[in-house]
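Peer 1: File follows, start-v4.cif with mmCIF, C-alpha atoms:
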data_coords
loop_
_atom_site.label_atom_id
_atom_site.label_comp_id
_atom_site.auth_asym_id
_atom_site.auth_seq_id
_atom_site.Cartn_x
_atom_site.Cartn_y
_atom_site.Cartn_z
CA MET A 264 8.80 -3.77 -5.56
CA ASN A 265 5.61 -4.93 -6.89
CA MET A 266 5.15 -3.77 -3.95
CA ALA A 267 2.14 -5.66 -4.52
CA ARG A 268 0.20 -7.35 -7.01
CA LEU A 269 -10.62 -1.39 -0.80
CA ARG A 270 -13.94 -0.27 -1.07
CA ALA A 271 -15.49 1.51 1.89
CA THR A 272 -14.73 5.11 2.80
CA PRO A 273 -13.19 5.56 6.25
CA LEU A 274 -15.25 7.50 8.78
CA LEU A 275 -13.87 10.96 9.38
CA ALA A 276 -13.84 12.80 12.68
CA LEU A 277 -17.12 14.59 13.30
CA CYS A 278 -18.37 17.20 15.76
CA VAL A 279 -20.42 15.61 18.53
CA ALA A 280 -23.33 17.00 20.50
CA CYS A 281 -22.80 17.37 24.21
CA SER A 282 -25.33 18.83 26.67
CA GLY A 283 -27.23 20.38 23.80
CA THR A 284 -24.17 22.15 22.36
CA LYS A 285 -21.66 21.12 19.73
CA SER A 286 -18.02 20.89 20.72
CA ALA A 287 -15.22 20.62 18.20
CA GLY A 288 -13.43 17.27 18.14
CA PRO A 289 -10.07 16.52 16.50
CA PRO A 290 -9.77 17.87 12.95
CA ALA A 291 -10.81 15.55 10.14
CA LEU A 292 -8.14 13.59 8.34
CA ASN A 293 -6.91 15.11 5.12
CA VAL A 294 -8.38 13.06 2.26
CA VAL A 295 -6.51 12.82 -1.06
CA THR A 296 -7.88 11.16 -4.20
CA ILE A 297 -5.47 9.51 -6.63
CA THR A 298 -6.90 8.46 -9.98
CA ALA A 299 -4.94 5.75 -11.77
CA THR A 300 -5.30 5.04 -15.48
CA ASP A 301 -3.08 3.25 -18.01
CA PHE A 302 -0.38 4.67 -17.33
CA VAL A 303 -0.92 7.99 -15.55
CA PHE A 304 -1.70 9.23 -12.04
CA ASP A 305 -3.91 12.23 -11.42
CA ALA A 306 -3.39 13.63 -7.92
CA PRO A 307 -2.71 16.91 -6.11
CA ASP A 308 0.76 18.41 -6.49
CA THR A 309 0.97 19.53 -2.86
CA ILE A 310 -0.57 18.34 0.41
CA PRO A 311 0.09 19.25 4.08
CA ALA A 312 2.04 16.91 6.35
CA GLY A 313 0.30 14.65 8.84
CA LEU A 314 -2.17 11.80 8.85
CA THR A 315 -3.68 11.52 5.38
CA THR A 316 -6.23 9.18 3.85
CA PHE A 317 -5.38 8.26 0.27
CA ARG A 318 -8.17 6.90 -1.92
CA MET A 319 -6.87 5.46 -5.19
CA LEU A 320 -9.43 4.89 -7.94
CA ASN A 321 -8.27 2.44 -10.59
CA GLN A 322 -9.90 3.57 -13.83
CA GLY A 323 -7.51 1.62 -16.03
CA ARG A 324 -7.70 -1.83 -17.57
CA GLU A 325 -4.62 -3.15 -15.78
CA LEU A 326 -3.82 -3.68 -12.11
CA HIS A 327 -2.50 -0.57 -10.38
CA GLN A 328 -1.07 0.52 -7.04
CA ALA A 329 0.20 3.84 -5.68
CA VAL A 330 3.50 3.36 -3.85
CA ILE A 331 4.51 6.61 -2.12
CA PHE A 332 8.19 7.03 -1.35
CA GLY A 333 10.73 9.74 -0.66
CA ALA A 334 14.23 10.14 0.76
CA PRO A 335 15.50 12.89 3.05
CA GLY A 336 17.37 15.58 1.16
CA LYS A 337 16.84 14.02 -2.28
CA THR A 338 15.64 16.00 -5.28
CA PHE A 339 12.84 14.85 -7.56
CA ALA A 340 15.42 14.06 -10.24
CA GLU A 341 17.25 11.75 -7.82
CA LEU A 342 14.03 10.06 -6.70
CA GLU A 343 12.84 9.51 -10.26
CA ALA A 344 16.20 8.09 -11.31
CA ALA A 345 16.16 5.70 -8.34
CA GLU A 346 12.72 4.35 -9.18
CA GLN A 347 13.71 3.10 -12.65
CA PRO A 348 14.74 -0.58 -12.52
CA THR A 349 17.94 -1.68 -14.21
CA GLU A 350 18.67 -4.96 -15.98
CA SER A 351 19.66 -6.45 -12.62
CA MET A 352 16.58 -6.18 -10.42
CA VAL A 353 18.57 -7.24 -7.36
CA GLY A 354 21.22 -4.61 -8.04
CA TRP A 355 18.54 -1.99 -8.58
CA TRP A 356 16.83 -2.85 -5.30
CA HIS A 357 20.08 -2.65 -3.38
CA ALA A 358 20.80 0.74 -4.97
CA PHE A 359 17.29 1.88 -4.08
CA LEU A 360 17.77 0.86 -0.45
CA ALA A 361 21.14 2.61 -0.36
CA MET A 362 19.23 5.85 -0.92
CA GLN A 363 17.64 5.20 2.50
CA PRO A 364 14.10 5.71 1.22
CA THR A 365 11.12 6.39 3.41
CA LEU A 366 7.87 4.59 2.55
CA PRO A 367 5.09 5.90 4.79
CA GLY A 368 2.59 3.76 2.89
CA GLY A 369 0.40 3.87 -0.18
CA PRO A 370 -2.74 2.27 -1.65
CA GLY A 371 -2.23 -1.37 -2.52
CA VAL A 372 -3.08 -3.14 -5.76
CA VAL A 373 -6.63 -3.38 -7.09
CA THR A 374 -8.21 -4.33 -10.38
CA GLY A 375 -9.77 -1.88 -12.82
CA GLY A 376 -12.96 -0.33 -11.50
CA ASP A 377 -12.02 -0.92 -7.86
CA SER A 378 -10.57 1.44 -5.26
CA SER A 379 -7.92 1.14 -2.56
CA ILE A 380 -8.04 3.17 0.67
CA ILE A 381 -5.24 3.65 3.18
CA THR A 382 -4.21 6.15 5.84
CA ALA A 383 -0.56 7.07 6.42
CA ASN A 384 1.44 9.69 8.27
CA LEU A 385 3.59 11.77 5.92
CA ALA A 386 6.43 14.02 7.04
CA PRO A 387 7.32 17.14 5.01
CA GLY A 388 9.48 16.51 1.95
CA ASN A 389 9.58 15.43 -1.68
CA TYR A 390 7.80 12.21 -2.60
CA VAL A 391 7.01 10.22 -5.72
CA ILE A 392 3.83 8.24 -6.35
CA ALA A 393 4.70 5.22 -8.51
CA CYS A 394 3.19 2.00 -9.82
CA PHE A 395 5.54 -0.99 -9.95
CA MET A 396 3.05 -3.42 -11.50
CA ALA A 397 4.06 -5.20 -14.69
CA SER A 398 2.14 -5.14 -17.97
CA PRO A 399 1.69 -8.26 -20.13
CA ASP A 400 4.68 -7.08 -22.20
CA GLY A 401 6.88 -7.40 -19.11
CA LYS A 402 7.55 -3.69 -18.65
CA LEU A 403 6.80 -2.16 -15.27
CA HIS A 404 4.25 0.65 -15.27
CA VAL A 405 6.82 3.00 -13.75
CA GLN A 406 8.96 2.39 -16.86
CA LYS A 407 6.00 3.55 -18.94
CA GLY A 408 5.91 6.85 -17.10
CA MET A 409 3.44 5.95 -14.36
CA PHE A 410 4.83 8.14 -11.60
CA ARG A 411 3.99 11.56 -10.24
CA ARG A 412 5.67 14.11 -7.97
CA LEU A 413 4.15 15.02 -4.62
CA VAL A 414 5.30 17.81 -2.31
CA VAL A 415 4.36 17.47 1.37
CA THR A 416 4.54 20.84 3.11
CA PRO A 417 4.88 21.42 6.88
CA ALA A 418 1.61 21.58 8.77
CA PRO A 419 0.58 25.10 9.85
CA ALA A 420 2.11 26.22 13.13
CA GLY A 421 -0.09 25.31 16.07
CA ALA A 422 -2.28 22.95 14.03
CA THR A 423 -3.91 20.14 16.00
CA ALA A 424 -3.07 16.67 14.75
CA ALA A 425 -5.94 14.55 13.47
CA ALA A 426 -6.90 11.49 15.48
CA GLU A 427 -5.73 8.09 14.27
CA PRO A 428 -8.37 5.97 12.51
CA LYS A 429 -10.20 3.50 14.72
CA SER A 430 -9.17 -0.02 13.77
CA ASP A 431 -10.88 -3.29 14.60
CA VAL A 432 -7.93 -5.61 13.86
CA THR A 433 -4.15 -5.30 13.77
CA VAL A 434 -1.85 -7.09 11.35
CA THR A 435 1.81 -7.15 12.37
CA LEU A 436 4.47 -7.64 9.69
CA SER A 437 7.83 -9.25 10.43
CA ASP A 438 10.61 -11.24 8.77
CA PHE A 439 8.79 -13.23 7.35
CA ALA A 440 5.26 -13.57 8.68
CA PHE A 441 1.88 -11.96 9.29
CA ALA A 442 0.26 -11.98 12.73
CA THR A 443 -3.36 -10.89 13.18
CA SER A 444 -4.75 -9.71 16.51
CA SER A 445 -8.05 -11.45 15.73
CA PRO A 446 -9.46 -13.46 12.81
CA LEU A 447 -10.55 -11.48 9.77
CA THR A 448 -14.25 -11.78 9.02
CA ALA A 449 -16.63 -10.76 6.26
CA GLY A 450 -17.50 -7.09 6.18
CA THR A 451 -15.69 -3.78 6.14
CA HIS A 452 -12.59 -3.50 8.32
CA THR A 453 -10.07 -0.80 9.12
CA ILE A 454 -6.86 -2.75 9.68
CA ARG A 455 -3.93 -1.28 11.59
CA VAL A 456 -0.73 -2.37 9.84
CA GLU A 457 2.40 -2.48 12.02
CA ASN A 458 5.86 -3.25 10.65
CA SER A 459 7.92 -4.84 13.43
CA GLY A 460 10.53 -6.25 11.06
CA PRO A 461 14.00 -4.87 10.31
CA GLN A 462 13.13 -3.94 6.73
CA ILE A 463 10.31 -2.68 4.50
CA HIS A 464 7.24 -4.90 4.27
CA GLU A 465 3.73 -4.63 2.86
CA LEU A 466 0.31 -6.18 3.29
CA THR A 467 -1.28 -7.31 0.03
CA ILE A 468 -4.69 -9.01 0.22
CA GLU A 469 -5.65 -11.36 -2.59
CA ARG A 470 -8.81 -13.39 -3.04
CA LEU A 471 -8.20 -16.92 -4.31
CA ALA A 472 -10.31 -18.20 -7.18
CA PRO A 473 -12.97 -20.74 -6.11
CA GLY A 474 -11.40 -24.11 -5.32
CA LYS A 475 -7.84 -22.72 -5.32
CA THR A 476 -5.45 -22.88 -2.36
CA LEU A 477 -2.08 -21.53 -1.29
CA ALA A 478 -0.48 -24.61 -2.87
CA ASP A 479 -2.02 -23.69 -6.24
CA PHE A 480 -0.71 -20.13 -5.86
CA GLN A 481 2.79 -21.38 -5.07
CA GLN A 482 2.69 -23.75 -8.04
CA TRP A 483 1.61 -20.86 -10.29
CA LEU A 484 4.54 -18.79 -9.03
CA ALA A 485 6.99 -21.66 -9.53
CA GLY A 486 5.73 -22.02 -13.11
CA GLY A 487 6.70 -18.47 -13.95
CA MET A 488 3.17 -17.11 -13.41
CA ARG A 489 2.07 -18.53 -16.74
CA GLY A 490 -1.61 -19.00 -17.40
CA PRO A 491 -4.53 -17.30 -15.67
CA PRO A 492 -3.79 -15.96 -12.16
CA VAL A 493 -5.24 -18.04 -9.34
CA SER A 494 -5.95 -14.96 -7.20
CA ALA A 495 -7.06 -11.35 -7.60
CA PRO A 496 -5.89 -8.40 -5.45
CA VAL A 497 -8.49 -6.54 -3.41
CA GLY A 498 -6.21 -3.90 -1.92
CA GLY A 499 -3.67 -3.55 0.80
CA PHE A 500 -1.01 -1.29 2.27
CA ALA A 501 2.18 -0.67 0.26
CA GLY A 502 4.67 -0.27 3.11
CA PRO A 503 5.31 0.88 5.76
CA ASP A 504 8.92 1.38 6.82
CA LYS A 505 10.30 -0.62 9.73
CA GLY A 506 8.84 0.52 13.02
CA LYS A 507 6.03 2.48 11.34
CA VAL A 508 2.26 1.98 11.22
CA GLY A 509 -0.58 2.68 8.83
CA TRP A 510 -4.20 1.74 8.21
CA VAL A 511 -6.04 0.11 5.33
CA THR A 512 -9.81 -0.02 4.91
CA VAL A 513 -11.09 -3.05 3.01
CA THR A 514 -14.36 -4.86 2.44
CA LEU A 515 -14.08 -8.66 2.51
CA THR A 516 -16.68 -11.13 1.31
CA PRO A 517 -16.75 -14.80 2.32
CA GLY A 518 -14.06 -16.82 0.62
CA THR A 519 -10.41 -17.83 0.77
CA TYR A 520 -7.73 -15.14 0.72
CA LEU A 521 -3.97 -14.74 0.83
CA LEU A 522 -1.95 -12.22 2.81
CA THR A 523 1.24 -11.65 0.82
CA CYS A 524 4.35 -9.47 0.73
CA TYR A 525 6.05 -8.92 -2.63
CA VAL A 526 8.75 -6.54 -1.35
CA PRO A 527 12.24 -7.70 -2.42
CA ASP A 528 14.43 -8.89 0.41
CA ALA A 529 17.23 -6.55 1.49
CA LYS A 530 19.78 -9.39 1.23
CA ASP A 531 18.99 -11.56 -1.77
CA GLY A 532 16.36 -9.50 -3.60
CA ALA A 533 13.82 -12.34 -3.62
CA PRO A 534 10.20 -11.36 -2.91
CA HIS A 535 9.40 -11.91 0.74
CA LEU A 536 6.61 -14.30 -0.15
CA LEU A 537 9.32 -16.69 -1.41
CA HIS A 538 10.80 -16.52 2.08
CA GLY A 539 7.46 -17.70 3.46
CA MET A 540 5.70 -14.37 3.94
CA VAL A 541 2.38 -15.59 2.58
CA GLN A 542 -0.59 -16.81 4.60
CA GLN A 543 -3.92 -18.33 3.63
CA VAL A 544 -6.99 -17.16 5.55
CA THR A 545 -10.64 -18.15 5.31
CA ILE A 546 -13.25 -15.40 5.56
CA SER A 547 -16.69 -16.48 6.73
#
Starting from the file, lay out its structure as structure tokens.

Peer 2:
Amino acid sequence: MNMARLRATPLLALCVACSGTKSAGPPALNVVTITATDFVFDAPDTIPAGLTTFRMLNQGRELHQAVIFGAPGKTFAELEAAEQPTESMVGWWHAFLAMQPTLPGGPGVVTGGDSSIITANLAPGNYVIACFMASPDGKLHVQKGMFRRLVVTPAPAGATAAAEPKSDVTVTLSDFAFATSSPLTAGTHTIRVENSGPQIHELTIERLAPGKTLADFQQWLAGGMRGPPVSAPVGGFAGPDKGKVGWVTVTLTPGTYLLTCYVPDAKDGAPHLLHGMVQQVTIS
């Protein structure tokens, strides 16, 4: 689950003035910072349930992501054992899915020095934050110890739920396509990500190198990803589960991009992008 191969801070709910007096609006979203280095996460041990904005800062040299997953009733030991790939990646993925994991969503992949910002709704339970990117030596970061436990506690009784982020575009994920409610343009966007498919999907946003196209990307993949990459990740949303939603905030500059999904397929284990879940878009 690579599950993948953003820079503005979302606006939080504020008190507004009305008739000369200030009235309380919905509570602000809980904001959690995750710092990623090679190969460690620094993050809180415990957070309350509910809508949460996760801001991952990549301070490492390699690409990093922060996939957040759990499974009802599972212990941390069981979750950590399930995240470690075996020699058969397809067999491992099928075993992982058999655990019936929940992936509310996590910050997508960015390069060193960049940040990735998403908002997801987390239910109480045990979760693991993990990076499934691969190093040049072929080992996944999670195999190098890049995972961290996270406990999500029930929200206080009577607490008012935070308002959902305001989005300006919706991207719907399905087997195996992306559908956007309106064209993506240059600037900062808060994208609502909806998974309408029967399995886990993700939205990874990659900027193509100047002069490169989707055909060049596909040729690079077919060649075993040898040589310099033809695209660079600028963030995304790792997840969500089928039927769930989340939000990603990203700043796009003019250029050519790819929307991709690297999640292994539930049947054959092949990344969804090999099933056609990759789309080229031009940002102007």

Peer 1: When the PyMOL selection byres ((chain A and resi 508) around 12) is applied to the structure above, which residues does it catch, written out as a VMD selection string?

Peer 2: chain A and resid 314 366 to 369 381 to 385 427 to 428 430 433 to 436 454 to 460 463 to 466 500 to 507 509 to 511

Peer 1: With the PyMOL selection byres ((chain A and resi 309) around 6) as the selection, what would be picked from this file? Answer as a ChimeraX atom specification, please.

Peer 2: /A:307-308,310,413-415

Peer 1: Mind giving me the axis-aligned box for region 397-415 of chain A with 6 Å on every side, centre plus edges in Å to one decimal, as lines of an AutoDock Vina configuration file?

Peer 2:
center_x = 5.3
center_y = 4.8
center_z = -10.4
size_x = 19.3
size_y = 38.1
size_z = 35.6

Peer 1: From the set A:Ala485, A:Leu477, A:Val330, A:Val544, which residue has the shortest atom-to-atom contact distance to Thr443 (chain A), counting all atoms listed in the file?

Peer 2: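 Among the listed residues, the smallest separation from Thr443 (chain A) belongs to A:Val544.
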
Peer 1: Quick one, how far is CA of Met540 (chain A) from CA of Val526 (chain A)?

Peer 2: 9.9 Å

Peer 1: Run the PyMOL selection byres ((chain A and resi 343-349) around 12) on the file and write out the hits as a PyMOL selection string.

Peer 2: chain A and resi 264-265+330-334+337-342+350-364+389-395+397+402-413

Peer 1: For Asp431 (chain A), which residue among A:Thr416, A:Gly486, A:Thr512, A:Met396 is the nearest when counting only C-alpha atoms?

Peer 2: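 Smallest separation from Asp431 (chain A) among the options: A:Thr512.
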
Peer 1: Which of these, A:Val372, A:Leu521, A:Met488, A:Leu292, has the shortest distance to Thr423 (chain A) once you count only C-alpha atoms?

Peer 2: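 For Thr423 (chain A), the nearest of the given residues is A:Leu292.
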